[in-house]
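Everything below concerns the one structure shown next.
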Amino acid sequence: MSDKEPIHLEQRTQDGARKFSPTAARNRAPIAEVLSPLLLKDARVLEIASGTGEHALYMCALRPDIIWQPSDPDADSRASQADWAKDSGGNMRPPLDVDVMQSGWAAKLPPFDVIYCANMIHIAPWAATEGLAAGAQDSLKSGQLLILYGPFKQGDDTAPSNLDFDASLKSRNPAWGVRDLEAVKHIFELHGFNSLQQSVMPKNNLILVFKRV
Ligand SMILES: C[S@@+](CC[C@H](N)C(=O)[O-])C[C@H]1O[C@@H](n2cnc3c(N)ncnc32)[C@H](O)[C@@H]1O
C-alpha cells in the first residue's frame with residue numbers, strides 16, 4: 001500500500017493509538033444484528049481490513065464465546081486495534097498484518113470458520129476483491145462463510161448517494177469505486193462460493209453472505 005493514500009474518507013479522532021470512527025459508531029450495532037446469528041458458538045472469525053478495530057471489539061463484547069482476529073495492512077490501524085483489544089476479554093486477538101493483494105496471504109494464517117470484511121473493496125483496487133476471494137477460497141472449508149459489508153452498485157436501482165460516493169472515490173483514485181453487486185458475486189462464485197444471503201442495511205449498504213461450496 002502507498003503511505004500517501006488515505007485509507008478512509010471520514011474525520012476520525014484519536015486518543016493515543018486508539019482511533020474512533022464515527023461511521024463504525026453508527027453502523028456497528030446494525031451490522032452485529034445481522035452478523036451475530038451467522039456465527040456459530042465459539043466461531044473463529046478473521047476480519048480483513050479491521051480499520052480502527054471498533055467492529056471487532058463490539059462483536060467480542062456481544063459474543064464472548066467467539067475468537068475475533070482483526071487485521072489490516074496499515075500499521076496505525078493495527079496499533080488502534082491492539083489498543084481496543086485491551087478492552088476485550090481476550091477474545092479480540094492481537095492484530096495481524098494482512099494485505100489481500102499479496103498472493104497467498106491466507107496460507108500463512110491458522111484456520112478460521114468465518115471471514116468478515118467491511119468497507120474495503122471500494123477503497124482499494126479491484127484486485128483487492130479478487131485477492132480477498134482467492135484467499136478466502138484457500139482458507140475456508142465447505143460450508144464456511146465469507147461476509148462482506150458496504151455500498152454496492154445495483155444497476156438502475158443504485159442509490160444516488162452511492163453514485164456520488166463512487167464519483168468521489170474515483171476522483172481520489174481512479175482504481176477505487178463502489179463495486180457492482182453482480183461483478184462481486186461473480187468473482188466469489190468463480191472462487192468457489194455460493195451467494196447465501198443479502199441483507200439491506202442502513203444508508204444504502206448491504207451485507208452479502210457467501211458460503212464456501
Ligand atoms: C474505510 S476503512 C474500513 C475499516 C473498517 N472495516 C470499517 O468498516 O470501519 C478501509 C480499510 O481497508 C484497508 N485496506 C485497504 N487495502 C487493503 C488490502 N489490500 N488488504 C487489506 N486491507 C486493506 C485499509 O487499511 C483500511 O483500514
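Going by the C-alpha cells order, chains are called A, B, ..., each with residues numbered from 1, while ligands are numbered from 1 in the order shown.
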Can you build me a table of chain A residues sitting at most 9 Å from ligand 1, with the closest atom pair per residue and its distance in Å to one decimal, using only C-alpha atoms and all ligand atoms, sorted by chain and residue number, as CSV?
residue,atom,partner,partner_atom_place_in_ligand_line,distance
A:Met1,CA,ligand 1,16 (N),6.9
A:Pro6,CA,ligand 1,24 (C),8.4
A:Ile7,CA,ligand 1,26 (C),4.7
A:His8,CA,ligand 1,1 (C),4.0
A:Leu9,CA,ligand 1,1 (C),6.7
A:Glu10,CA,ligand 1,1 (C),8.2
A:Ser21,CA,ligand 1,9 (O),6.6
A:Pro22,CA,ligand 1,9 (O),8.8
A:Thr23,CA,ligand 1,9 (O),6.6
A:Ala24,CA,ligand 1,9 (O),5.0
A:Ala25,CA,ligand 1,9 (O),8.7
A:Asn27,CA,ligand 1,8 (O),8.4
A:Arg28,CA,ligand 1,9 (O),8.5
A:Glu47,CA,ligand 1,6 (N),8.0
A:Ile48,CA,ligand 1,21 (C),5.7
A:Ala49,CA,ligand 1,22 (N),3.9
A:Ser50,CA,ligand 1,6 (N),4.3
A:Gly51,CA,ligand 1,4 (C),3.6
A:Thr52,CA,ligand 1,4 (C),6.4
A:Gly53,CA,ligand 1,5 (C),7.2
A:Glu54,CA,ligand 1,9 (O),7.3
A:His55,CA,ligand 1,9 (O),6.8
A:Ser71,CA,ligand 1,22 (N),7.5
A:Asp72,CA,ligand 1,22 (N),5.0
A:Pro73,CA,ligand 1,25 (O),5.4
A:Asp74,CA,ligand 1,25 (O),4.7
A:Ala75,CA,ligand 1,25 (O),8.3
A:Asp76,CA,ligand 1,25 (O),8.8
A:Ser77,CA,ligand 1,27 (O),6.1
A:Arg78,CA,ligand 1,27 (O),8.5
A:Asp97,CA,ligand 1,21 (C),8.4
A:Val98,CA,ligand 1,21 (C),5.8
A:Asp99,CA,ligand 1,20 (N),3.6
A:Val100,CA,ligand 1,20 (N),4.1
A:Met101,CA,ligand 1,19 (N),4.7
A:Gln102,CA,ligand 1,19 (N),7.5
A:Tyr116,CA,ligand 1,6 (N),8.9
A:Cys117,CA,ligand 1,6 (N),6.2
A:Ala118,CA,ligand 1,6 (N),4.2
A:Asn119,CA,ligand 1,8 (O),4.6
A:Met120,CA,ligand 1,12 (O),4.3
A:Ile121,CA,ligand 1,12 (O),7.5
A:His122,CA,ligand 1,1 (C),8.4
A:Ile123,CA,ligand 1,10 (C),6.2
A:Ala124,CA,ligand 1,16 (N),4.9
A:Pro125,CA,ligand 1,19 (N),7.8
A:Ala127,CA,ligand 1,19 (N),8.1
A:Ala128,CA,ligand 1,19 (N),5.1
A:Thr129,CA,ligand 1,19 (N),8.4
A:Gly131,CA,ligand 1,19 (N),7.9
A:Leu132,CA,ligand 1,20 (N),7.8
A:Tyr149,CA,ligand 1,8 (O),7.7
A:Gly150,CA,ligand 1,8 (O),7.8
Exercise for review: Identify all residues of segment 4-193 of chain A in helix (DSSP H, G or I) (DSSP on the backbone) and supply them as a ChimeraX atom specification.
Suggested key: /A:22-38,54-62,75-85,105-108,126-139,155-157,160-172,181-190
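If you look at atom CA of Pro111 of chain A and atom CA of Ala183 of chain A, they are 27.3 Å away from each other.
Near Val200 of chain A, within a cut-off of 12 Å and counting only C-alpha atoms, sit the residues Pro30, Ile31, Val34, Tyr149, Gly150, Pro151, Phe152, Leu206, Ile207, Leu208 and Val209 of chain A, with same-chain residues fewer than 6 positions away left out.
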Practice item. Pull the strand (DSSP E) assignments for segment 7-211 of chain A out of DSSP run on the backbone, and list those residues as number ranges by chain. Key: A: 13-15, 18-20, 44-48, 67-69, 114-118, 145-153, 179-180, 193-201, 205-211
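Near segment 164-168 of chain A, within 12 Å and counting only C-alpha atoms, sit A:Leu9, A:Ile121, A:His122, A:Ile123, A:Gly150, A:Pro151, A:Phe152, A:Lys153, A:Thr158, A:Ala159, A:Pro160, A:Ser161, A:Ser171, A:Arg172, A:Asn173, A:Pro174, A:Ala175, A:Trp176, A:Gly177, A:Val178, A:Arg179, A:Asp180, A:Lys203, A:Asn204, A:Asn205; same-chain residues fewer than 3 positions away were not included.
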Output of the above residues as a short mmCIF file (atom, residue, chain, number, x, y, z; two decimals), in the first residue's frame, restricted to N, CA, C and O atoms:
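For reference, part17.cif as written:
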data_model
loop_
_atom_site.label_atom_id
_atom_site.label_comp_id
_atom_site.auth_asym_id
_atom_site.auth_seq_id
_atom_site.Cartn_x
_atom_site.Cartn_y
_atom_site.Cartn_z
N LEU A 9 -12.29 7.84 4.41
CA LEU A 9 -12.66 9.18 3.94
C LEU A 9 -13.50 9.89 5.00
O LEU A 9 -14.39 10.66 4.68
N ILE A 121 -13.58 -3.08 -0.15
CA ILE A 121 -13.39 -3.36 -1.58
C ILE A 121 -13.59 -2.12 -2.45
O ILE A 121 -13.10 -2.09 -3.58
N HIS A 122 -14.26 -1.09 -1.92
CA HIS A 122 -14.44 0.12 -2.74
C HIS A 122 -13.28 1.10 -2.58
O HIS A 122 -13.10 2.00 -3.39
N ILE A 123 -12.50 0.94 -1.51
CA ILE A 123 -11.41 1.88 -1.24
C ILE A 123 -10.06 1.19 -1.45
O ILE A 123 -9.08 1.45 -0.75
N GLY A 150 -20.88 -3.23 2.92
CA GLY A 150 -20.51 -1.98 2.27
C GLY A 150 -21.54 -1.54 1.26
O GLY A 150 -22.61 -2.14 1.14
N PRO A 151 -21.21 -0.46 0.51
CA PRO A 151 -22.11 0.01 -0.55
C PRO A 151 -21.85 -0.76 -1.84
O PRO A 151 -20.73 -1.22 -2.07
N PHE A 152 -22.86 -0.88 -2.67
CA PHE A 152 -22.72 -1.57 -3.95
C PHE A 152 -23.52 -0.82 -5.00
O PHE A 152 -24.51 -0.15 -4.69
N LYS A 153 -23.12 -1.00 -6.27
CA LYS A 153 -23.92 -0.51 -7.40
C LYS A 153 -24.89 -1.62 -7.78
O LYS A 153 -24.49 -2.79 -7.88
N THR A 158 -29.31 1.66 -8.19
CA THR A 158 -28.24 2.19 -7.34
C THR A 158 -28.69 3.48 -6.66
O THR A 158 -29.22 4.39 -7.32
N ALA A 159 -28.47 3.55 -5.36
CA ALA A 159 -28.86 4.75 -4.61
C ALA A 159 -28.04 5.95 -5.09
O ALA A 159 -26.83 5.81 -5.30
N PRO A 160 -28.66 7.12 -5.26
CA PRO A 160 -27.90 8.30 -5.69
C PRO A 160 -26.70 8.58 -4.78
O PRO A 160 -25.64 8.98 -5.27
N SER A 161 -26.85 8.34 -3.49
CA SER A 161 -25.72 8.60 -2.57
C SER A 161 -24.54 7.68 -2.90
O SER A 161 -23.37 8.07 -2.75
N SER A 171 -12.44 10.17 -7.94
CA SER A 171 -11.69 11.43 -8.07
C SER A 171 -10.42 11.38 -7.22
O SER A 171 -9.43 12.04 -7.52
N ARG A 172 -10.43 10.57 -6.16
CA ARG A 172 -9.22 10.41 -5.34
C ARG A 172 -8.26 9.40 -5.94
O ARG A 172 -7.05 9.57 -5.88
N ASN A 173 -8.85 8.32 -6.45
CA ASN A 173 -8.02 7.27 -7.06
C ASN A 173 -8.88 6.55 -8.10
O ASN A 173 -9.87 5.91 -7.75
N PRO A 174 -8.51 6.64 -9.36
CA PRO A 174 -9.33 6.03 -10.42
C PRO A 174 -9.49 4.52 -10.26
O PRO A 174 -10.41 3.94 -10.85
N ALA A 175 -8.61 3.88 -9.47
CA ALA A 175 -8.72 2.42 -9.28
C ALA A 175 -9.75 2.06 -8.22
O ALA A 175 -10.08 0.89 -8.04
N TRP A 176 -10.23 3.05 -7.48
CA TRP A 176 -11.24 2.80 -6.45
C TRP A 176 -12.63 2.95 -7.04
O TRP A 176 -12.81 3.43 -8.15
N GLY A 177 -13.64 2.59 -6.30
CA GLY A 177 -15.01 2.83 -6.73
C GLY A 177 -15.96 1.86 -6.08
O GLY A 177 -15.58 0.75 -5.70
N VAL A 178 -17.21 2.31 -5.95
CA VAL A 178 -18.26 1.43 -5.43
C VAL A 178 -18.43 0.29 -6.43
O VAL A 178 -18.57 0.53 -7.62
N ARG A 179 -18.38 -0.93 -5.94
CA ARG A 179 -18.33 -2.09 -6.83
C ARG A 179 -19.73 -2.54 -7.26
O ARG A 179 -20.70 -2.41 -6.50
N ASP A 180 -19.78 -3.10 -8.45
CA ASP A 180 -21.03 -3.62 -9.00
C ASP A 180 -21.38 -4.93 -8.28
O ASP A 180 -20.57 -5.86 -8.23
N LYS A 203 -28.42 3.34 5.34
CA LYS A 203 -27.60 4.21 4.47
C LYS A 203 -27.15 3.51 3.19
O LYS A 203 -26.01 3.68 2.74
N ASN A 204 -28.06 2.72 2.63
CA ASN A 204 -27.81 2.10 1.31
C ASN A 204 -26.59 1.19 1.27
O ASN A 204 -25.87 1.14 0.27
N ASN A 205 -26.35 0.51 2.37
CA ASN A 205 -25.32 -0.53 2.39
C ASN A 205 -25.98 -1.90 2.34
O ASN A 205 -27.18 -2.04 2.58
#
